[in-house]
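Structure file protein-v2.pdb (PDB, C-alpha atoms, pLDDT in the B column) follows.
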```pdb
ATOM      1  CA  MET A   1      22.597 -14.380 -13.320  1.00 75.00           C
ATOM      2  CA  THR A   2      23.832 -16.491 -10.401  1.00 86.00           C
ATOM      3  CA  VAL A   3      26.338 -15.060  -7.943  1.00 94.00           C
ATOM      4  CA  GLY A   4      28.538 -17.103  -5.644  1.00 96.00           C
ATOM      5  CA  PRO A   5      29.320 -16.663  -1.952  1.00 97.00           C
ATOM      6  CA  TRP A   6      30.167 -13.156  -0.769  1.00 97.00           C
ATOM      7  CA  ARG A   7      33.835 -12.255  -1.061  1.00 95.00           C
ATOM      8  CA  GLY A   8      35.584  -9.679   1.079  1.00 94.00           C
ATOM      9  CA  ALA A   9      34.654  -8.032   4.354  1.00 95.00           C
ATOM     10  CA  TRP A  10      31.339  -9.222   5.750  1.00 95.00           C
ATOM     11  CA  PRO A  11      28.745  -6.510   4.999  1.00 96.00           C
ATOM     12  CA  ASP A  12      26.841  -4.823   7.806  1.00 95.00           C
ATOM     13  CA  ASP A  13      23.464  -4.460   6.095  1.00 97.00           C
ATOM     14  CA  PRO A  14      20.268  -5.795   7.718  1.00 97.00           C
ATOM     15  CA  ARG A  15      18.662  -6.252   4.295  1.00 98.00           C
ATOM     16  CA  LEU A  16      21.113  -9.011   3.385  1.00 98.00           C
ATOM     17  CA  ASP A  17      20.469 -12.703   4.043  1.00 98.00           C
ATOM     18  CA  PRO A  18      23.397 -14.384   5.858  1.00 97.00           C
ATOM     19  CA  GLU A  19      22.648 -17.731   4.229  1.00 97.00           C
ATOM     20  CA  LEU A  20      22.693 -16.249   0.738  1.00 98.00           C
ATOM     21  CA  LEU A  21      25.928 -14.450   1.548  1.00 98.00           C
ATOM     22  CA  ARG A  22      27.493 -17.746   2.604  1.00 97.00           C
ATOM     23  CA  GLU A  23      26.069 -19.998  -0.116  1.00 97.00           C
ATOM     24  CA  GLY A  24      25.537 -17.655  -3.045  1.00 97.00           C
ATOM     25  CA  ASP A  25      22.360 -16.297  -4.627  1.00 97.00           C
ATOM     26  CA  THR A  26      20.828 -18.324  -7.472  1.00 96.00           C
ATOM     27  CA  ARG A  27      17.486 -16.490  -7.559  1.00 95.00           C
ATOM     28  CA  ASN A  28      16.122 -14.712 -10.617  1.00 93.00           C
ATOM     29  CA  VAL A  29      16.297 -11.202  -9.177  1.00 95.00           C
ATOM     30  CA  VAL A  30      17.713  -7.959 -10.552  1.00 93.00           C
ATOM     31  CA  ASP A  31      21.260  -7.107  -9.510  1.00 93.00           C
ATOM     32  CA  ARG A  32      20.337  -4.542  -6.882  1.00 94.00           C
ATOM     33  CA  TYR A  33      18.485  -7.240  -4.904  1.00 97.00           C
ATOM     34  CA  ARG A  34      21.345  -9.760  -4.843  1.00 97.00           C
ATOM     35  CA  TYR A  35      21.692 -11.321  -1.381  1.00 98.00           C
ATOM     36  CA  TRP A  36      18.662  -9.393  -0.048  1.00 98.00           C
ATOM     37  CA  THR A  37      16.075 -11.209   2.060  1.00 98.00           C
ATOM     38  CA  VAL A  38      12.621 -11.667   0.550  1.00 98.00           C
ATOM     39  CA  ASP A  39      11.109  -9.367   3.201  1.00 98.00           C
ATOM     40  CA  ALA A  40      13.610  -6.634   2.356  1.00 98.00           C
ATOM     41  CA  ILE A  41      12.864  -6.928  -1.365  1.00 98.00           C
ATOM     42  CA  VAL A  42       9.109  -6.752  -0.783  1.00 98.00           C
ATOM     43  CA  ALA A  43       9.514  -3.718   1.485  1.00 98.00           C
ATOM     44  CA  ASP A  44      11.563  -1.952  -1.172  1.00 98.00           C
ATOM     45  CA  LEU A  45       9.079  -2.807  -3.925  1.00 98.00           C
ATOM     46  CA  ASP A  46       6.238  -1.521  -1.744  1.00 98.00           C
ATOM     47  CA  ARG A  47       7.736   1.961  -1.891  1.00 97.00           C
ATOM     48  CA  SER A  48       7.228   2.164  -5.662  1.00 96.00           C
ATOM     49  CA  ARG A  49       4.283  -0.077  -6.513  1.00 97.00           C
ATOM     50  CA  HIS A  50       2.075   1.199  -9.296  1.00 98.00           C
ATOM     51  CA  ARG A  51      -1.569   2.157  -8.909  1.00 97.00           C
ATOM     52  CA  VAL A  52      -2.633  -0.567 -11.318  1.00 98.00           C
ATOM     53  CA  ASN A  53      -3.839  -3.870  -9.886  1.00 98.00           C
ATOM     54  CA  VAL A  54      -4.713  -7.072 -11.704  1.00 98.00           C
ATOM     55  CA  ALA A  55      -7.619  -9.412 -10.979  1.00 97.00           C
ATOM     56  CA  ILE A  56      -8.682 -12.706 -12.527  1.00 95.00           C
ATOM     57  CA  GLU A  57     -11.762 -14.828 -12.025  1.00 94.00           C
ATOM     58  CA  ASN A  58     -10.828 -18.323 -10.858  1.00 90.00           C
ATOM     59  CA  TRP A  59     -13.929 -20.489 -11.090  1.00 80.00           C
ATOM     60  CA  GLN A  60     -12.266 -23.365 -12.964  1.00 76.00           C
ATOM     61  CA  HIS A  61      -8.761 -23.360 -11.448  1.00 64.00           C
ATOM     62  CA  ASP A  62      -7.222 -21.343 -14.279  1.00 63.00           C
ATOM     63  CA  PHE A  63      -3.633 -22.326 -15.070  1.00 74.00           C
ATOM     64  CA  ASN A  64      -2.861 -18.840 -16.441  1.00 85.00           C
ATOM     65  CA  ILE A  65      -2.825 -17.223 -13.013  1.00 91.00           C
ATOM     66  CA  GLY A  66       0.804 -18.146 -12.369  1.00 93.00           C
ATOM     67  CA  SER A  67       2.014 -16.439 -15.531  1.00 93.00           C
ATOM     68  CA  ILE A  68      -0.137 -13.392 -14.738  1.00 95.00           C
ATOM     69  CA  VAL A  69       1.478 -13.158 -11.295  1.00 96.00           C
ATOM     70  CA  ARG A  70       4.927 -13.357 -12.862  1.00 96.00           C
ATOM     71  CA  THR A  71       4.149 -10.518 -15.266  1.00 97.00           C
ATOM     72  CA  ALA A  72       2.551  -8.504 -12.460  1.00 98.00           C
ATOM     73  CA  ASN A  73       5.815  -8.785 -10.554  1.00 98.00           C
ATOM     74  CA  ALA A  74       7.762  -7.549 -13.574  1.00 97.00           C
ATOM     75  CA  PHE A  75       5.590  -4.423 -13.729  1.00 97.00           C
ATOM     76  CA  ASN A  76       5.453  -4.041  -9.911  1.00 98.00           C
ATOM     77  CA  VAL A  77       1.678  -3.759  -9.783  1.00 98.00           C
ATOM     78  CA  GLY A  78      -0.153  -2.859  -6.607  1.00 98.00           C
ATOM     79  CA  GLY A  79      -1.474  -6.389  -6.206  1.00 98.00           C
ATOM     80  CA  VAL A  80      -2.966  -9.461  -7.833  1.00 97.00           C
ATOM     81  CA  HIS A  81      -6.520 -10.416  -6.915  1.00 97.00           C
ATOM     82  CA  ILE A  82      -8.018 -13.872  -7.215  1.00 96.00           C
ATOM     83  CA  VAL A  83     -11.813 -13.783  -7.502  1.00 96.00           C
ATOM     84  CA  GLY A  84     -13.566 -17.084  -6.793  1.00 94.00           C
ATOM     85  CA  ARG A  85     -11.606 -20.182  -5.854  1.00 90.00           C
ATOM     86  CA  ARG A  86      -8.813 -19.450  -3.414  1.00 87.00           C
ATOM     87  CA  ARG A  87      -6.441 -22.148  -4.688  1.00 86.00           C
ATOM     88  CA  TRP A  88      -4.477 -21.492  -7.873  1.00 86.00           C
ATOM     89  CA  ASN A  89      -1.572 -23.159  -9.653  1.00 84.00           C
ATOM     90  CA  ARG A  90       1.608 -21.397  -8.509  1.00 86.00           C
ATOM     91  CA  ARG A  91       3.979 -23.244 -10.829  1.00 85.00           C
ATOM     92  CA  GLY A  92       3.809 -20.648 -13.583  1.00 84.00           C
ATOM     93  CA  ALA A  93       4.605 -17.845 -11.136  1.00 92.00           C
ATOM     94  CA  MET A  94       8.195 -19.137 -10.820  1.00 92.00           C
ATOM     95  CA  VAL A  95       8.190 -18.101  -7.110  1.00 94.00           C
ATOM     96  CA  THR A  96       7.484 -14.443  -8.010  1.00 95.00           C
ATOM     97  CA  ASP A  97       4.359 -14.661  -5.822  1.00 96.00           C
ATOM     98  CA  ARG A  98       6.785 -14.090  -2.928  1.00 97.00           C
ATOM     99  CA  TYR A  99       7.239 -10.522  -4.103  1.00 98.00           C
ATOM    100  CA  VAL A 100       3.662  -9.674  -5.128  1.00 98.00           C
ATOM    101  CA  HIS A 101       0.715  -9.069  -2.810  1.00 98.00           C
ATOM    102  CA  VAL A 102      -1.861 -11.715  -3.765  1.00 97.00           C
ATOM    103  CA  GLN A 103      -5.323 -11.178  -2.303  1.00 97.00           C
ATOM    104  CA  HIS A 104      -8.385 -13.439  -2.464  1.00 97.00           C
ATOM    105  CA  HIS A 105     -11.997 -12.312  -2.890  1.00 98.00           C
ATOM    106  CA  PRO A 106     -14.700 -14.983  -2.574  1.00 97.00           C
ATOM    107  CA  ASP A 107     -16.962 -13.499  -5.242  1.00 97.00           C
ATOM    108  CA  VAL A 108     -17.397 -10.596  -7.629  1.00 98.00           C
ATOM    109  CA  ASP A 109     -19.400  -8.498  -5.165  1.00 98.00           C
ATOM    110  CA  ALA A 110     -16.671  -8.726  -2.524  1.00 98.00           C
ATOM    111  CA  PHE A 111     -14.060  -7.797  -5.118  1.00 98.00           C
ATOM    112  CA  ALA A 112     -16.090  -4.809  -6.336  1.00 98.00           C
ATOM    113  CA  ALA A 113     -16.578  -3.614  -2.757  1.00 98.00           C
ATOM    114  CA  TRP A 114     -12.821  -3.776  -2.169  1.00 98.00           C
ATOM    115  CA  ALA A 115     -12.113  -1.812  -5.364  1.00 98.00           C
ATOM    116  CA  GLY A 116     -14.593   0.854  -4.307  1.00 98.00           C
ATOM    117  CA  GLU A 117     -12.968   1.193  -0.890  1.00 98.00           C
ATOM    118  CA  GLU A 118      -9.560   1.582  -2.548  1.00 97.00           C
ATOM    119  CA  GLY A 119     -10.806   4.159  -5.061  1.00 98.00           C
ATOM    120  CA  LEU A 120      -9.910   1.945  -8.028  1.00 98.00           C
ATOM    121  CA  SER A 121     -11.811   1.868 -11.307  1.00 98.00           C
ATOM    122  CA  ILE A 122     -12.559  -1.661 -12.526  1.00 98.00           C
ATOM    123  CA  VAL A 123     -11.577  -2.093 -16.167  1.00 98.00           C
ATOM    124  CA  GLY A 124     -12.614  -5.359 -17.792  1.00 98.00           C
ATOM    125  CA  VAL A 125     -10.410  -6.790 -20.529  1.00 97.00           C
ATOM    126  CA  ASP A 126     -12.487  -8.927 -22.889  1.00 96.00           C
ATOM    127  CA  ASN A 127     -13.834  -8.762 -26.424  1.00 93.00           C
ATOM    128  CA  LEU A 128     -17.445  -8.439 -25.319  1.00 94.00           C
ATOM    129  CA  PRO A 129     -20.107  -6.397 -27.143  1.00 93.00           C
ATOM    130  CA  GLY A 130     -19.630  -2.719 -26.359  1.00 94.00           C
ATOM    131  CA  ALA A 131     -15.915  -3.013 -25.571  1.00 97.00           C
ATOM    132  CA  VAL A 132     -13.679  -0.207 -26.821  1.00 98.00           C
ATOM    133  CA  PRO A 133     -10.161  -0.678 -28.269  1.00 98.00           C
ATOM    134  CA  LEU A 134      -7.429  -0.925 -25.646  1.00 98.00           C
ATOM    135  CA  GLU A 135      -4.978   0.552 -28.148  1.00 97.00           C
ATOM    136  CA  SER A 136      -6.805   3.894 -28.380  1.00 98.00           C
ATOM    137  CA  THR A 137      -8.523   4.141 -24.990  1.00 98.00           C
ATOM    138  CA  PRO A 138      -6.927   5.973 -22.034  1.00 98.00           C
ATOM    139  CA  LEU A 139      -6.771   3.795 -18.923  1.00 98.00           C
ATOM    140  CA  PRO A 140      -7.475   5.271 -15.488  1.00 98.00           C
ATOM    141  CA  ARG A 141      -4.344   5.736 -13.391  1.00 98.00           C
ATOM    142  CA  ASP A 142      -5.967   4.220 -10.296  1.00 98.00           C
ATOM    143  CA  THR A 143      -7.364   1.015 -11.681  1.00 98.00           C
ATOM    144  CA  VAL A 144      -7.705  -2.740 -11.459  1.00 98.00           C
ATOM    145  CA  LEU A 145      -7.642  -4.703 -14.704  1.00 98.00           C
ATOM    146  CA  LEU A 146     -10.109  -7.605 -14.526  1.00 98.00           C
ATOM    147  CA  PHE A 147      -9.725 -10.765 -16.606  1.00 96.00           C
ATOM    148  CA  GLY A 148     -11.962 -13.783 -17.025  1.00 93.00           C
ATOM    149  CA  GLN A 149     -11.189 -17.461 -17.292  1.00 84.00           C
ATOM    150  CA  GLU A 150      -9.355 -18.867 -20.260  1.00 77.00           C
ATOM    151  CA  GLY A 151     -12.073 -19.678 -22.824  1.00 78.00           C
ATOM    152  CA  PRO A 152     -15.337 -18.346 -21.373  1.00 83.00           C
ATOM    153  CA  GLY A 153     -13.918 -14.932 -20.467  1.00 90.00           C
ATOM    154  CA  LEU A 154     -15.582 -12.626 -17.973  1.00 95.00           C
ATOM    155  CA  THR A 155     -18.774 -13.797 -16.340  1.00 95.00           C
ATOM    156  CA  ASP A 156     -21.893 -11.666 -16.609  1.00 96.00           C
ATOM    157  CA  GLU A 157     -21.484 -10.755 -12.922  1.00 97.00           C
ATOM    158  CA  ALA A 158     -17.950  -9.508 -13.514  1.00 97.00           C
ATOM    159  CA  ALA A 159     -18.873  -7.569 -16.643  1.00 97.00           C
ATOM    160  CA  ARG A 160     -21.589  -5.720 -14.723  1.00 97.00           C
ATOM    161  CA  VAL A 161     -19.151  -4.257 -12.173  1.00 98.00           C
ATOM    162  CA  CYS A 162     -16.752  -2.934 -14.824  1.00 98.00           C
ATOM    163  CA  GLU A 163     -16.751   0.818 -15.349  1.00 98.00           C
ATOM    164  CA  LEU A 164     -14.969   0.333 -18.666  1.00 98.00           C
ATOM    165  CA  MET A 165     -14.541  -2.646 -20.994  1.00 98.00           C
ATOM    166  CA  VAL A 166     -11.583  -2.769 -23.350  1.00 98.00           C
ATOM    167  CA  ALA A 167     -10.674  -5.296 -26.031  1.00 97.00           C
ATOM    168  CA  ILE A 168      -7.285  -6.102 -27.539  1.00 96.00           C
ATOM    169  CA  ALA A 169      -7.132  -5.715 -31.317  1.00 95.00           C
ATOM    170  CA  GLN A 170      -6.714  -9.082 -33.060  1.00 93.00           C
ATOM    171  CA  PHE A 171      -6.175  -9.842 -36.725  1.00 94.00           C
ATOM    172  CA  GLY A 172      -5.994 -13.635 -36.931  1.00 92.00           C
ATOM    173  CA  SER A 173      -8.494 -16.472 -37.143  1.00 92.00           C
ATOM    174  CA  THR A 174      -9.141 -17.210 -33.456  1.00 84.00           C
ATOM    175  CA  ARG A 175     -11.644 -15.276 -31.368  1.00 80.00           C
ATOM    176  CA  SER A 176      -9.454 -14.792 -28.306  1.00 81.00           C
ATOM    177  CA  ILE A 177      -5.876 -14.926 -27.091  1.00 87.00           C
ATOM    178  CA  ASN A 178      -4.369 -16.615 -24.054  1.00 87.00           C
ATOM    179  CA  ALA A 179      -5.442 -14.966 -20.790  1.00 89.00           C
ATOM    180  CA  GLY A 180      -1.851 -14.684 -19.594  1.00 92.00           C
ATOM    181  CA  ALA A 181      -0.834 -12.942 -22.827  1.00 94.00           C
ATOM    182  CA  ALA A 182      -3.851 -10.630 -22.667  1.00 94.00           C
ATOM    183  CA  ALA A 183      -2.959  -9.640 -19.113  1.00 96.00           C
ATOM    184  CA  ALA A 184       0.620  -8.845 -20.126  1.00 97.00           C
ATOM    185  CA  ILE A 185      -0.567  -6.680 -23.028  1.00 98.00           C
ATOM    186  CA  ALA A 186      -3.027  -4.760 -20.840  1.00 98.00           C
ATOM    187  CA  MET A 187      -0.532  -4.225 -18.021  1.00 98.00           C
ATOM    188  CA  HIS A 188       2.025  -2.927 -20.498  1.00 98.00           C
ATOM    189  CA  ALA A 189      -0.559  -0.550 -21.969  1.00 98.00           C
ATOM    190  CA  TRP A 190      -1.019   0.935 -18.489  1.00 98.00           C
ATOM    191  CA  ILE A 191       2.767   1.129 -17.997  1.00 98.00           C
ATOM    192  CA  ARG A 192       3.251   2.991 -21.276  1.00 97.00           C
ATOM    193  CA  GLU A 193       0.621   5.518 -20.250  1.00 97.00           C
ATOM    194  CA  HIS A 194       1.342   6.079 -16.570  1.00 98.00           C
ATOM    195  CA  ALA A 195       4.699   4.689 -15.381  1.00 97.00           C
ATOM    196  CA  ASP A 196       7.840   6.744 -14.779  1.00 94.00           C
ATOM    197  CA  LEU A 197      10.328   5.099 -17.112  1.00 92.00           C
ATOM    198  CA  SER A 198      13.294   7.158 -15.941  1.00 90.00           C
ATOM    199  CA  SER A 199      14.012   4.728 -13.100  1.00 80.00           C
ATOM    200  CA  VAL A 200      14.108   1.589 -15.269  1.00 85.00           C
ATOM    201  CA  GLU A 201      17.391  -0.338 -15.304  1.00 76.00           C
ATOM    202  CA  TYR A 202      18.172  -2.390 -18.435  1.00 71.00           C
TER
END
```
Mind turning the file's structure into structure tokens?
Amino acid sequence: MTVGPWRGAWPDDPRLDPELLREGDTRNVVDRYRYWTVDAIVADLDRSRHRVNVAIENWQHDFNIGSIVRTANAFNVGGVHIVGRRRWNRRGAMVTDRYVHVQHHPDVDAFAAWAGEEGLSIVGVDNLPGAVPLESTPLPRDTVLLFGQEGPGLTDEAARVCELMVAIAQFGSTRSINAGAAAAIAMHAWIREHADLSSVEY
């Protein structure tokens, strides 16, 4: 919903952006963040970020990363991690990358070292041999969900650093689903298991 210029007495709130107050706020943000600066929104989100992170291998400039970032913002994950190529297509993120901490790791080993330092379990999401059903498998609270490229899936290097491998149940004719959709399903599975839903505004 778009809101126009501020009406009434000028508010004395350092979180508010004077330009947005003057011109109106056309951004796709929830109502409580209307007129807030980006920095103020990020600072507020940082106080309640979840202990789930999301990572995706980016060896072939995957176009799904933008949509994954957008979903990660919706679930207020701890961060999004790009493993491999630093550059990624931001178009699908719809500027939500402003509100999510996006971190780059040059290779799988560097990513795994970071996860270890943060005390996060690496959970691979792919229908590889030995994977267990996401639908019936508890996910660690402190975790990073790792996804492979669209098509080839997780590399052998990435699969080796996973403490757990889960697969999404499928019933159709194709072997895999879109990486962006898979990430959304897996993030929501974590949310259903671990998030405090009492603070959600509909």
Quiz item: So which residues get picked by the PyMOL selection byres ((chain A and resi 132) around 8) here, written as number ranges by chain?
Solution: A: 130-131, 133-134, 137, 165-167
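Using all atoms listed in the file, the nearest neighbour of Val161 (chain A) within the list A:Arg141, A:Asn178, A:Asp126, A:Val108 is A:Val108.
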Exercise. Do a neighbour search on region 79-91 of chain A at 7 Å with all atoms listed in the file, toss out local chain neighbours closer than 6 positions, and write the hits as an MDAnalysis selection string.
Key: chainID A and resid 53:59 61:63 65:66 69 100:108 111
Output C-alpha atoms for every residue in that selection, as a compact mmCIF listing (two decimals), in the frame of the given file.
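Final output, part02.txt:
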```txt
# COMPACT_ATOMS: atom_id res chain seq x y z
CA ASN A 53 -3.84 -3.87 -9.89
CA VAL A 54 -4.71 -7.07 -11.70
CA ALA A 55 -7.62 -9.41 -10.98
CA ILE A 56 -8.68 -12.71 -12.53
CA GLU A 57 -11.76 -14.83 -12.02
CA ASN A 58 -10.83 -18.32 -10.86
CA TRP A 59 -13.93 -20.49 -11.09
CA HIS A 61 -8.76 -23.36 -11.45
CA ASP A 62 -7.22 -21.34 -14.28
CA PHE A 63 -3.63 -22.33 -15.07
CA ILE A 65 -2.82 -17.22 -13.01
CA GLY A 66 0.80 -18.15 -12.37
CA VAL A 69 1.48 -13.16 -11.30
CA VAL A 100 3.66 -9.67 -5.13
CA HIS A 101 0.72 -9.07 -2.81
CA VAL A 102 -1.86 -11.72 -3.76
CA GLN A 103 -5.32 -11.18 -2.30
CA HIS A 104 -8.38 -13.44 -2.46
CA HIS A 105 -12.00 -12.31 -2.89
CA PRO A 106 -14.70 -14.98 -2.57
CA ASP A 107 -16.96 -13.50 -5.24
CA VAL A 108 -17.40 -10.60 -7.63
CA PHE A 111 -14.06 -7.80 -5.12
```
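Distances to Asn76 (chain A) were evaluated for A:Leu145, A:Ala40, A:Leu128, A:Leu45 using only C-alpha atoms, and the minimum falls at A:Leu45.
The coordinates place CA of Ile41 (chain A) at 19.1 Å from CA of Pro5 (chain A).
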Practice problem: Please write the residues picked by the PyMOL selection byres ((chain A and resi 155-160) around 9) on this file as a PyMOL selection string. | Solution: chain A and resi 57+108-109+112+124+128+146-149+152-154+161-163+165
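Of note, CA of Met1 (chain A) and CA of Thr26 (chain A) are spaced 7.3 Å apart.
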Practice problem: Given the file shown, determine the residues that the PyMOL selection byres ((chain A and resi 74) around 12) selects; report them as an MDAnalysis selection string. | Solution: chainID A and resid 28:30 45 49:50 67:73 75:79 93:94 96:97 99:100 184 187:188 191 200
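From CA of Asn127 (chain A) back to CA of Gln60 (chain A), the distance works out to 19.9 Å.
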Exercise. Can you pull out every residue within 7 Å of Glu23 (chain A), counting all atoms listed in the file, but drop anything in the same chain fewer than 2 positions away, and send it as a ChimeraX atom specification?
Key: /A:4-5,19-21,25
Quiz prompt | Among the residues A:Val125, A:Val3, A:Ala9, A:Leu139, the one that comes closest to Gly24 (chain A) [using only C-alpha atoms] | solution = A:Val3
Report, as AutoDock Vina command-line options, the centre and edge lengths in Å (one decimal) of the axis-aligned box enclosing every listed atom of region 62-73 of chain A, padded by 4 Å on each side.
```
--center_x -0.7 --center_y -15.4 --center_z -13.5 --size_x 21.0 --size_y 21.8 --size_z 13.9
```
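Checking A:Glu201, A:Thr174, A:Pro140, A:Arg32 one by one against Ala189 (chain A), counting all atoms listed in the file, you find the shortest gap at A:Pro140.
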